[in-house]
Amino acid sequence: DEGKEEESKQGTVQQLVPIISLQAHSSKVSGICWGNYEKRQAVGASSSLPEQLITASWDHSIKVWNIERQDCLLSLNSSRVVGCMDTSPHSSGICATGHPDCTVRLWDVRAAGGGGDATESSSSILVSDNVFRPSHKAWISEVQWSTTNPYQIYSCSHDGTVKVWDIRSSTQLYTVKVLPPSPTDKVFSLATLEGTEPNRGFLFAGGTNRIVEQYHL
């Protein structure tokens, strides 16, 4: 009776069984997302979500999956652990990833488009292994694509900063110092609420100090 009473206080716990289970990577999975562009198109058309799912891992790879067929369409290998990932909402098949070597990288996964299997000879390649010069001083914990600017990316890091990038340049546009330089002060997450001129929007960042900071973009 006590167990039932405790369960009623906490609400019913429902155990879900996986519909599918993919042996996706050989190490920790660090990112999963539908392509943001494809997701936006699907929602706009009031249709089902896209079939392709993109995953990233500590095994240095990004993979593109056809969920309906449970097939890996494409596997791209990096020289470093992939710690985080986001996809462009403005262009199909473009991903940004963050790594422990302080670098943000861009990937093109459009070779997996069209529903066909990607062969090794036709597989897409890394847009540029060092498209952004390393500017962070520690592990990059999150990357996020701008929802309004197709060329702009945000990244945050264990070095206590948030950086804003233009993918057409190899260096960052500017840096926001969220936390003072310290081995223990780290920024783990960020969010943006973007507007249009003159209301450009806000940047939010949080980390080890347990505080969410808000900034004007």
# chains A, B, ... in the order shown; residues from 1 in each chain; ligands from 1

$ residues_around --residues "Lys163 in chain A" --least-positions-apart "3" --cutoff "10 Å" --atoms "only C-alpha atoms" --output "PyMOL selection string"
chain A and resi 135-136+143+153-157+171-177

$ residues_around --residues "Met85 in chain A" --least-positions-apart "3" --cutoff "6 Å" --atoms "only C-alpha atoms" --output "PyMOL selection string"
chain A and resi 31+96-97

$ residues_around --residues "range 210-214 of chain A" --least-positions-apart "4" --cutoff "12 Å" --atoms "only C-alpha atoms" --output "PyMOL selection string"
chain A and resi 160-162+176-179+185-193+201-206

$ residues_around --residues "Trp65 in chain A" --least-positions-apart "5" --cutoff "9 Å" --atoms "only C-alpha atoms" --output "PyMOL selection string"
chain A and resi 51-55+70-74+112

$ closest_residue --among "A:Ser141, A:Gln15, A:Ser91, A:Ser78" --to "Ser30 in chain A" --atoms "only C-alpha atoms"
A:Ser141

$ decode --residues "range 199-212 of chain A" --atoms "all heavy atoms" --output "mmCIF file, in the first residue's frame"
data_model
loop_
_atom_site.group_PDB
_atom_site.id
_atom_site.type_symbol
_atom_site.label_atom_id
_atom_site.label_comp_id
_atom_site.auth_asym_id
_atom_site.auth_seq_id
_atom_site.Cartn_x
_atom_site.Cartn_y
_atom_site.Cartn_z
ATOM 1 N N ASN A 199 16.410 45.305 -32.855
ATOM 2 C CA ASN A 199 16.338 44.336 -31.753
ATOM 3 C C ASN A 199 17.019 43.057 -32.189
ATOM 4 O O ASN A 199 16.385 42.148 -32.730
ATOM 5 C CB ASN A 199 14.880 44.081 -31.379
ATOM 6 C CG ASN A 199 14.166 45.342 -30.950
ATOM 7 O OD1 ASN A 199 14.704 46.104 -30.152
ATOM 8 N ND2 ASN A 199 12.975 45.571 -31.485
ATOM 9 N N ARG A 200 18.324 42.963 -31.977
ATOM 10 C CA ARG A 200 19.107 41.849 -32.510
ATOM 11 C C ARG A 200 18.934 40.571 -31.714
ATOM 12 O O ARG A 200 19.297 39.508 -32.176
ATOM 13 C CB ARG A 200 20.584 42.245 -32.577
ATOM 14 C CG ARG A 200 20.854 43.396 -33.524
ATOM 15 C CD ARG A 200 22.316 43.720 -33.605
ATOM 16 N NE ARG A 200 23.101 42.591 -34.065
ATOM 17 C CZ ARG A 200 24.429 42.570 -34.086
ATOM 18 N NH1 ARG A 200 25.105 43.611 -33.644
ATOM 19 N NH2 ARG A 200 25.075 41.514 -34.529
ATOM 20 N N GLY A 201 18.395 40.669 -30.496
ATOM 21 C CA GLY A 201 18.131 39.464 -29.740
ATOM 22 C C GLY A 201 19.057 39.280 -28.557
ATOM 23 O O GLY A 201 19.799 40.194 -28.162
ATOM 24 N N PHE A 202 19.009 38.066 -27.985
ATOM 25 C CA PHE A 202 19.721 37.797 -26.744
ATOM 26 C C PHE A 202 20.493 36.482 -26.839
ATOM 27 O O PHE A 202 20.115 35.555 -27.558
ATOM 28 C CB PHE A 202 18.739 37.716 -25.574
ATOM 29 C CG PHE A 202 17.939 38.969 -25.361
ATOM 30 C CD1 PHE A 202 16.656 39.075 -25.863
ATOM 31 C CD2 PHE A 202 18.486 40.046 -24.669
ATOM 32 C CE1 PHE A 202 15.912 40.229 -25.668
ATOM 33 C CE2 PHE A 202 17.756 41.199 -24.469
ATOM 34 C CZ PHE A 202 16.469 41.290 -24.976
ATOM 35 N N LEU A 203 21.556 36.430 -26.057
ATOM 36 C CA LEU A 203 22.356 35.224 -25.876
ATOM 37 C C LEU A 203 22.265 34.815 -24.415
ATOM 38 O O LEU A 203 22.403 35.662 -23.520
ATOM 39 C CB LEU A 203 23.809 35.493 -26.251
ATOM 40 C CG LEU A 203 24.849 34.457 -25.812
ATOM 41 C CD1 LEU A 203 24.680 33.167 -26.609
ATOM 42 C CD2 LEU A 203 26.260 35.002 -25.974
ATOM 43 N N PHE A 204 22.029 33.520 -24.165
ATOM 44 C CA PHE A 204 21.999 32.978 -22.813
ATOM 45 C C PHE A 204 23.097 31.920 -22.702
ATOM 46 O O PHE A 204 23.309 31.136 -23.625
ATOM 47 C CB PHE A 204 20.640 32.346 -22.506
ATOM 48 C CG PHE A 204 19.482 33.291 -22.611
ATOM 49 C CD1 PHE A 204 18.867 33.528 -23.836
ATOM 50 C CD2 PHE A 204 19.006 33.941 -21.486
ATOM 51 C CE1 PHE A 204 17.804 34.398 -23.939
ATOM 52 C CE2 PHE A 204 17.927 34.809 -21.576
ATOM 53 C CZ PHE A 204 17.322 35.043 -22.807
ATOM 54 N N ALA A 205 23.783 31.907 -21.569
ATOM 55 C CA ALA A 205 24.851 30.932 -21.357
ATOM 56 C C ALA A 205 24.870 30.509 -19.900
ATOM 57 O O ALA A 205 24.594 31.299 -18.992
ATOM 58 C CB ALA A 205 26.202 31.511 -21.752
ATOM 59 N N GLY A 206 25.193 29.236 -19.665
ATOM 60 C CA GLY A 206 25.254 28.719 -18.302
ATOM 61 C C GLY A 206 26.343 27.677 -18.156
ATOM 62 O O GLY A 206 26.749 27.039 -19.137
ATOM 63 N N GLY A 207 26.811 27.514 -16.917
ATOM 64 C CA GLY A 207 27.887 26.559 -16.693
ATOM 65 C C GLY A 207 28.046 26.186 -15.240
ATOM 66 O O GLY A 207 27.070 26.071 -14.487
ATOM 67 N N THR A 208 29.296 26.046 -14.819
ATOM 68 C CA THR A 208 29.595 25.502 -13.502
ATOM 69 C C THR A 208 29.229 26.443 -12.350
ATOM 70 O O THR A 208 29.133 26.001 -11.207
ATOM 71 C CB THR A 208 31.093 25.167 -13.404
ATOM 72 O OG1 THR A 208 31.859 26.320 -13.796
ATOM 73 C CG2 THR A 208 31.450 24.005 -14.305
ATOM 74 N N ASN A 209 29.022 27.733 -12.644
ATOM 75 C CA ASN A 209 28.683 28.658 -11.553
ATOM 76 C C ASN A 209 27.204 28.637 -11.200
ATOM 77 O O ASN A 209 26.746 29.399 -10.357
ATOM 78 C CB ASN A 209 29.109 30.082 -11.900
ATOM 79 C CG ASN A 209 28.339 30.670 -13.071
ATOM 80 O OD1 ASN A 209 27.655 29.941 -13.798
ATOM 81 N ND2 ASN A 209 28.455 31.969 -13.270
ATOM 82 N N ARG A 210 26.419 27.784 -11.897
ATOM 83 C CA ARG A 210 24.994 27.564 -11.622
ATOM 84 C C ARG A 210 24.141 28.789 -11.947
ATOM 85 O O ARG A 210 23.007 28.904 -11.494
ATOM 86 C CB ARG A 210 24.775 27.137 -10.157
ATOM 87 C CG ARG A 210 25.587 25.924 -9.742
ATOM 88 C CD ARG A 210 25.325 25.524 -8.294
ATOM 89 N NE ARG A 210 25.687 26.561 -7.352
ATOM 90 C CZ ARG A 210 26.932 26.787 -6.910
ATOM 91 N NH1 ARG A 210 27.925 26.032 -7.346
ATOM 92 N NH2 ARG A 210 27.172 27.751 -6.049
ATOM 93 N N ILE A 211 24.676 29.713 -12.732
ATOM 94 C CA ILE A 211 23.959 30.949 -13.088
ATOM 95 C C ILE A 211 23.774 30.989 -14.603
ATOM 96 O O ILE A 211 24.676 30.637 -15.358
ATOM 97 C CB ILE A 211 24.744 32.190 -12.621
ATOM 98 C CG1 ILE A 211 24.877 32.190 -11.107
ATOM 99 C CG2 ILE A 211 24.085 33.483 -13.100
ATOM 100 C CD1 ILE A 211 25.797 33.291 -10.585
ATOM 101 N N VAL A 212 22.586 31.420 -15.046
ATOM 102 C CA VAL A 212 22.348 31.654 -16.467
ATOM 103 C C VAL A 212 22.521 33.132 -16.745
ATOM 104 O O VAL A 212 21.847 33.976 -16.150
ATOM 105 C CB VAL A 212 20.919 31.205 -16.879
ATOM 106 C CG1 VAL A 212 20.651 31.560 -18.333
ATOM 107 C CG2 VAL A 212 20.746 29.705 -16.663
#
